>>> print(open('input_27.pdb').read())   # PDB, C-alpha atoms
ATOM      1  CA  MET F   1       0.000   0.000   0.000
ATOM      2  CA  ILE F   2       1.239   3.488  -0.812
ATOM      3  CA  ASP F   3       1.300   5.652   2.311
ATOM      4  CA  GLY F   4       0.026   9.208   2.421
ATOM      5  CA  THR F   5       3.461  10.805   2.015
ATOM      6  CA  GLU F   6       4.287   8.814  -1.101
ATOM      7  CA  SER F   7       0.879   9.590  -2.582
ATOM      8  CA  PHE F   8       1.436  13.295  -1.950
ATOM      9  CA  VAL F   9       4.872  13.178  -3.598
ATOM     10  CA  LYS F  10       3.497  11.367  -6.648
ATOM     11  CA  PHE F  11       0.660  13.866  -6.925
ATOM     12  CA  GLY F  12       3.168  16.722  -6.735
ATOM     13  CA  GLN F  13       5.286  15.187  -9.485
ATOM     14  CA  TYR F  14       2.214  14.689 -11.668
ATOM     15  CA  SER F  15       1.049  18.262 -11.050
ATOM     16  CA  ARG F  16       4.457  19.679 -11.963
ATOM     17  CA  SER F  17       4.671  17.615 -15.148
ATOM     18  CA  THR F  18       1.106  18.614 -16.135
ATOM     19  CA  TYR F  19       1.835  22.265 -15.366
ATOM     20  CA  GLY F  20       5.050  22.098 -17.400
ATOM     21  CA  PHE F  21       3.186  20.535 -20.327
ATOM     22  CA  VAL F  22       0.467  23.211 -20.318
ATOM     23  CA  VAL F  23       2.931  26.076 -19.910
ATOM     24  CA  GLY F  24       5.008  24.636 -22.751
ATOM     25  CA  LEU F  25       2.039  25.045 -25.098
ATOM     26  CA  PHE F  26       2.059  28.815 -24.544
ATOM     27  CA  SER F  27       5.754  29.545 -24.045
ATOM     28  CA  THR F  28       8.341  30.615 -26.637
ATOM     29  CA  ARG F  29      10.794  28.407 -24.730
ATOM     30  CA  MET F  30       9.254  25.176 -25.898
ATOM     31  CA  THR F  31       9.232  21.528 -24.909
ATOM     32  CA  PRO F  32      10.112  18.978 -27.615
ATOM     33  CA  PHE F  33       6.397  18.180 -27.939
ATOM     34  CA  SER F  34       5.224  21.786 -28.291
ATOM     35  CA  PHE F  35       8.114  22.530 -30.670
ATOM     36  CA  MET F  36       6.843  19.851 -33.074
ATOM     37  CA  LEU F  37       3.127  20.542 -32.573
ATOM     38  CA  ASP F  38       2.877  22.662 -35.759
ATOM     39  CA  PHE F  39       3.626  19.597 -37.847
ATOM     40  CA  TYR F  40       0.802  17.607 -36.250
ATOM     41  CA  LEU F  41      -1.989  20.173 -36.023
ATOM     42  CA  TYR F  42      -1.558  22.372 -39.083
ATOM     43  CA  PRO F  43      -2.056  19.575 -41.648
ATOM     44  CA  VAL F  44      -5.316  18.663 -39.887
ATOM     45  CA  PHE F  45      -6.629  22.228 -39.918
ATOM     46  CA  ILE F  46      -5.490  22.800 -43.509
ATOM     47  CA  SER F  47      -7.330  19.663 -44.636
ATOM     48  CA  ALA F  48     -10.466  20.619 -42.700
ATOM     49  CA  SER F  49     -10.445  24.152 -44.091
ATOM     50  CA  LEU F  50     -10.033  22.887 -47.652
ATOM     51  CA  GLY F  51     -12.835  20.379 -47.141
ATOM     52  CA  ILE F  52     -15.259  22.975 -45.804
ATOM     53  CA  GLY F  53     -14.334  25.416 -48.559
ATOM     54  CA  ALA F  54     -14.740  22.812 -51.287
ATOM     55  CA  TRP F  55     -18.122  21.747 -49.918
ATOM     56  CA  GLY F  56     -19.286  25.350 -49.865
ATOM     57  CA  LEU F  57     -18.039  26.469 -53.274
ATOM     58  CA  ARG F  58     -19.218  23.276 -54.998
ATOM     59  CA  ARG F  59     -17.694  21.576 -57.992
ATOM     60  CA  GLU F  60     -18.381  24.310 -60.544
ATOM     61  CA  ALA F  61     -16.083  26.775 -58.722
ATOM     62  CA  TRP F  62     -13.091  24.501 -58.008
ATOM     63  CA  TRP F  63     -10.766  26.844 -59.937
ATOM     64  CA  LEU F  64     -11.827  29.712 -57.690
ATOM     65  CA  GLY F  65     -10.882  27.694 -54.635
ATOM     66  CA  ILE F  66      -7.428  27.007 -56.059
ATOM     67  CA  ALA F  67      -7.003  30.708 -56.876
ATOM     68  CA  PHE F  68      -7.879  31.683 -53.282
ATOM     69  CA  LEU F  69      -5.561  28.984 -51.921
ATOM     70  CA  VAL F  70      -2.653  30.348 -53.961
ATOM     71  CA  LEU F  71      -3.586  33.882 -52.900
ATOM     72  CA  GLY F  72      -3.447  32.874 -49.245
ATOM     73  CA  TYR F  73      -0.028  31.292 -49.668
ATOM     74  CA  ALA F  74       1.291  34.327 -51.577
ATOM     75  CA  ILE F  75      -0.006  36.657 -48.873
ATOM     76  CA  TRP F  76       1.827  34.567 -46.275
ATOM     77  CA  THR F  77       5.198  35.019 -48.024
ATOM     78  CA  ILE F  78       4.996  38.805 -47.820
ATOM     79  CA  VAL F  79       3.613  38.704 -44.272
ATOM     80  CA  GLU F  80       6.551  36.465 -43.342
ATOM     81  CA  TYR F  81       9.011  38.975 -44.789
ATOM     82  CA  PHE F  82       7.612  42.080 -43.084
ATOM     83  CA  MET F  83       6.921  40.242 -39.834
ATOM     84  CA  HIS F  84      10.520  39.051 -39.671
ATOM     85  CA  ARG F  85      12.040  42.340 -40.814
ATOM     86  CA  TYR F  86      10.071  44.749 -38.658
ATOM     87  CA  ALA F  87       8.287  42.888 -35.847
ATOM     88  CA  PHE F  88      10.952  40.325 -34.985
ATOM     89  CA  HIS F  89      13.885  42.719 -35.348
ATOM     90  CA  HIS F  90      12.500  46.053 -34.170
ATOM     91  CA  MET F  91       9.274  45.724 -32.161
ATOM     92  CA  PRO F  92       9.662  46.042 -28.376
ATOM     93  CA  GLY F  93       8.552  42.918 -26.577
ATOM     94  CA  ILE F  94       9.027  40.749 -29.665
ATOM     95  CA  LYS F  95      12.619  41.609 -30.601
ATOM     96  CA  PRO F  96      14.159  40.184 -27.371
ATOM     97  CA  LEU F  97      12.377  36.874 -27.957
ATOM     98  CA  HIS F  98      13.686  36.693 -31.510
ATOM     99  CA  MET F  99      17.196  37.714 -30.449
ATOM    100  CA  ALA F 100      17.124  34.757 -28.072
ATOM    101  CA  HIS F 101      16.676  32.590 -31.161
ATOM    102  CA  HIS F 102      19.646  34.313 -32.822
ATOM    103  CA  ALA F 103      21.728  33.633 -29.719
ATOM    104  CA  ASP F 104      20.635  29.987 -29.584
ATOM    105  CA  ALA F 105      19.672  29.070 -33.151
ATOM    106  CA  ASP F 106      19.401  25.358 -32.402
ATOM    107  CA  GLY F 107      17.363  25.819 -29.238
ATOM    108  CA  LEU F 108      13.680  24.970 -28.895
ATOM    109  CA  ILE F 109      12.520  28.562 -29.318
ATOM    110  CA  GLY F 110       9.518  29.500 -31.431
ATOM    111  CA  THR F 111       5.966  30.761 -31.664
ATOM    112  CA  PRO F 112       3.457  28.596 -29.771
ATOM    113  CA  THR F 113       1.147  26.742 -32.156
ATOM    114  CA  ILE F 114      -1.993  27.986 -30.419
ATOM    115  CA  LEU F 115      -0.862  31.610 -30.704
ATOM    116  CA  SER F 116       0.048  31.317 -34.394
ATOM    117  CA  MET F 117      -3.307  29.705 -35.217
ATOM    118  CA  VAL F 118      -5.271  32.350 -33.345
ATOM    119  CA  LEU F 119      -3.386  35.132 -35.137
ATOM    120  CA  ILE F 120      -3.831  33.585 -38.592
ATOM    121  CA  PHE F 121      -7.510  33.017 -37.898
ATOM    122  CA  GLY F 122      -8.119  36.487 -36.487
ATOM    123  CA  LEU F 123      -5.987  38.474 -38.946
ATOM    124  CA  GLY F 124      -6.485  36.217 -41.964
ATOM    125  CA  TYR F 125      -9.684  34.240 -41.998
ATOM    126  CA  LEU F 126     -12.016  36.775 -40.389
ATOM    127  CA  PRO F 127     -11.124  39.706 -42.695
ATOM    128  CA  ALA F 128     -11.282  37.350 -45.701
ATOM    129  CA  THR F 129     -14.858  36.381 -44.825
ATOM    130  CA  PHE F 130     -15.819  40.048 -44.969
ATOM    131  CA  PHE F 131     -14.384  40.528 -48.471
ATOM    132  CA  PHE F 132     -14.941  37.117 -50.084
ATOM    133  CA  GLY F 133     -17.411  35.147 -47.985
ATOM    134  CA  ALA F 134     -16.907  32.284 -45.546
ATOM    135  CA  TYR F 135     -16.223  29.464 -48.010
ATOM    136  CA  ALA F 136     -13.740  31.376 -50.162
ATOM    137  CA  ALA F 137     -12.087  32.512 -46.930
ATOM    138  CA  CYS F 138     -11.549  28.848 -46.024
ATOM    139  CA  PHE F 139      -9.220  28.520 -49.019
ATOM    140  CA  ILE F 140      -7.355  31.709 -48.126
ATOM    141  CA  PHE F 141      -7.095  30.467 -44.537
ATOM    142  CA  ALA F 142      -5.728  27.128 -45.785
ATOM    143  CA  GLY F 143      -3.185  28.960 -47.966
ATOM    144  CA  LEU F 144      -2.046  31.089 -45.024
ATOM    145  CA  MET F 145      -1.721  28.015 -42.815
ATOM    146  CA  ALA F 146       0.151  26.142 -45.555
ATOM    147  CA  GLY F 147       2.508  29.106 -45.819
ATOM    148  CA  TYR F 148       3.086  29.100 -42.081
ATOM    149  CA  LEU F 149       3.650  25.337 -42.085
ATOM    150  CA  ALA F 150       6.165  25.739 -44.918
ATOM    151  CA  PHE F 151       7.855  28.480 -42.891
ATOM    152  CA  ALA F 152       8.098  26.200 -39.849
ATOM    153  CA  ALA F 153       9.347  23.256 -41.924
ATOM    154  CA  VAL F 154      11.953  25.223 -43.894
ATOM    155  CA  HIS F 155      13.154  26.957 -40.734
ATOM    156  CA  PHE F 156      13.498  23.580 -39.031
ATOM    157  CA  ILE F 157      15.423  22.155 -41.996
ATOM    158  CA  VAL F 158      17.805  25.074 -42.537
ATOM    159  CA  HIS F 159      18.858  24.986 -38.892
ATOM    160  CA  ARG F 160      19.076  21.229 -38.443
ATOM    161  CA  ALA F 161      19.780  19.532 -41.784
ATOM    162  CA  THR F 162      23.477  19.301 -42.591
ATOM    163  CA  HIS F 163      22.844  18.750 -46.298
ATOM    164  CA  SER F 164      19.968  18.684 -48.753
ATOM    165  CA  ARG F 165      19.753  17.251 -52.241
ATOM    166  CA  PHE F 166      17.420  20.083 -53.258
ATOM    167  CA  LYS F 167      19.118  23.172 -54.645
ATOM    168  CA  PHE F 168      16.425  25.591 -53.478
ATOM    169  CA  ILE F 169      16.746  24.308 -49.893
ATOM    170  CA  ARG F 170      20.523  24.759 -50.049
ATOM    171  CA  LYS F 171      19.983  28.314 -51.283
ATOM    172  CA  LEU F 172      17.493  29.077 -48.508
ATOM    173  CA  LYS F 173      19.836  27.510 -45.966
ATOM    174  CA  ARG F 174      22.720  29.721 -47.112
ATOM    175  CA  GLY F 175      20.488  32.797 -47.154
ATOM    176  CA  HIS F 176      19.335  32.135 -43.605
ATOM    177  CA  ALA F 177      22.896  31.414 -42.469
ATOM    178  CA  ILE F 178      23.924  34.840 -43.813
ATOM    179  CA  HIS F 179      21.048  36.375 -41.842
ATOM    180  CA  HIS F 180      22.195  34.653 -38.642
ATOM    181  CA  TYR F 181      25.964  34.706 -38.899
ATOM    182  CA  GLY F 182      26.728  37.408 -41.450
ATOM    183  CA  ASN F 183      24.440  40.427 -41.266
ATOM    184  CA  ASN F 184      20.992  40.167 -39.683
ATOM    185  CA  GLU F 185      19.734  43.133 -41.721
ATOM    186  CA  TYR F 186      19.658  40.909 -44.811
ATOM    187  CA  ASN F 187      17.681  37.847 -45.964
ATOM    188  CA  PHE F 188      14.525  38.101 -43.883
ATOM    189  CA  GLY F 189      12.622  35.639 -46.052
ATOM    190  CA  VAL F 190      12.625  32.017 -44.894
ATOM    191  CA  THR F 191      10.426  30.217 -47.442
ATOM    192  CA  THR F 192      11.453  32.527 -50.292
ATOM    193  CA  LEU F 193      14.018  35.266 -50.878
ATOM    194  CA  ILE F 194      11.900  36.967 -53.541
ATOM    195  CA  TRP F 195      10.793  39.804 -51.278
ATOM    196  CA  ASP F 196      14.358  40.415 -50.124
ATOM    197  CA  ARG F 197      15.273  40.987 -53.762
ATOM    198  CA  VAL F 198      12.257  43.255 -54.282
ATOM    199  CA  PHE F 199      12.949  45.408 -51.211
ATOM    200  CA  GLY F 200      16.750  45.429 -51.432
ATOM    201  CA  THR F 201      17.597  43.268 -48.437
ATOM    202  CA  TYR F 202      19.028  40.275 -50.289
ATOM    203  CA  SER F 203      22.673  39.306 -49.903
ATOM    204  CA  ASP F 204      24.661  36.245 -50.949
ATOM    205  CA  LYS F 205      27.804  37.283 -49.071
ATOM    206  CA  MET F 206      28.491  36.130 -45.552
ATOM    207  CA  ARG F 207      30.296  39.387 -44.679
TER     208      ARG F 207
END
>>> encode(input="input_27.pdb", output="structure tokens")
Amino acid sequence: MIDGTESFVKFGQYSRSTYGFVVGLFSTRMTPFSFMLDFYLYPVFISASLGIGAWGLRREAWWLGIAFLVLGYAIWTIVEYFMHRYAFHHMPGIKPLHMAHHADADGLIGTPTILSMVLIFGLGYLPATFFFGAYAACFIFAGLMAGYLAFAAVHFIVHRATHSRFKFIRKLKRGHAIHHYGNNEYNFGVTTLIWDRVFGTYSDKMR
């Protein structure tokens, strides 16, 4: 039989582990589980959003759904650029968190999945429903989420993969390495460097 003291200790250990798990879901200093949560939840929500949008637009407007999906993804790439350039590097309250990532590039530091989803929903899906309607907005929402998932995946790869057979990944990896270890005022794009070229912040030189 477990005596009262042992039961209390076990309850305390369980409470601490549960508390740590919950806090990890909302912290930028992430647990291994919360760090990988994007890759589990985003595909589910992308699929659900596409399914709802396709059901609503019906078969005769499938091309419109694809157009809105591409639009959502394209919007993400420019949001990614300006978010990284201005919010992550200059906005009080956000810059220190991002600089922690620069100081510990391989650490488990990132945006909590719940926070990113709420922001994409609130700043992406809801305005899109106003302009295009709920079902078309589902495709835009899916495109935005796909863009964010690509951002998370590419960022994971460029920091942790030693080599890639794909040329575009090698180019993104070098571009991000220049941003981290060369000059952090260049190469703000993670999934694409197109906007860096457009706005004059692209560099292929480490120093």
>>> closest_residue(input="input_27.pdb", among="F:Phe68, F:Phe168, F:Phe156, F:Phe188", to="Phe39 of chain F", atoms="only C-alpha atoms")
F:Phe156
>>> atom_distance(input="input_27.pdb", atom1="atom CA of Ala136 of chain F", atom2="atom CA of Val79 of chain F")
19.7 Å
>>> resolve_selection(input="input_27.pdb", expression="the PyMOL selection byres ((chain F and resi 85) around 10)", output="ChimeraX atom specification")
/F:79-84,86-91,184-189,196,201
>>> closest_residue(input="input_27.pdb", among="F:Phe166, F:Ile140, F:Pro127, F:Ser116", to="Tyr42 of chain F", atoms="only C-alpha atoms")
F:Ser116
>>> closest_residue(input="input_27.pdb", among="F:Gly53, F:Pro92, F:Gly107, F:Pro32", to="Phe139 of chain F", atoms="all atoms listed in the file")
F:Gly53
>>> atom_distance(input="input_27.pdb", atom1="atom CA of Ile46 of chain F", atom2="atom CA of His176 of chain F")
26.5 Å
>>> resolve_selection(input="input_27.pdb", expression="the PyMOL selection byres ((chain F and resi 174) around 12)", output="ChimeraX atom specification")
/F:155,157-159,161-164,167-173,175-182,186-187,189-190,193,202-206
>>> atom_distance(input="input_27.pdb", atom1="atom CA of Ala103 of chain F", atom2="atom CA of Phe33 of chain F")
21.8 Å
>>> closest_residue(input="input_27.pdb", among="F:Tyr135, F:Phe141, F:Leu71, F:Arg160", to="Asp106 of chain F", atoms="all atoms listed in the file")
F:Arg160
>>> resolve_selection(input="input_27.pdb", expression="the PyMOL selection byres ((chain F and resi 149) around 10)", output="VMD selection string")
chain F and resid 38 to 39 41 to 43 46 143 to 148 150 to 155 191
>>> axis_aligned_box(input="input_27.pdb", around="segment 134-147 of chain F", padding_each_side="8 Å", output="AutoDock Vina command-line options")
--center_x -7.2 --center_y 29.3 --center_z -46.5 --size_x 35.4 --size_y 22.4 --size_z 23.3
>>> closest_residue(input="input_27.pdb", among="F:Phe199, F:Phe45, F:Tyr40, F:Trp62", to="Phe121 of chain F", atoms="only C-alpha atoms")
F:Phe45
>>> closest_residue(input="input_27.pdb", among="F:Gly200, F:Ile94, F:Leu126, F:Ile194", to="Ile78 of chain F", atoms="all atoms listed in the file")
F:Ile194
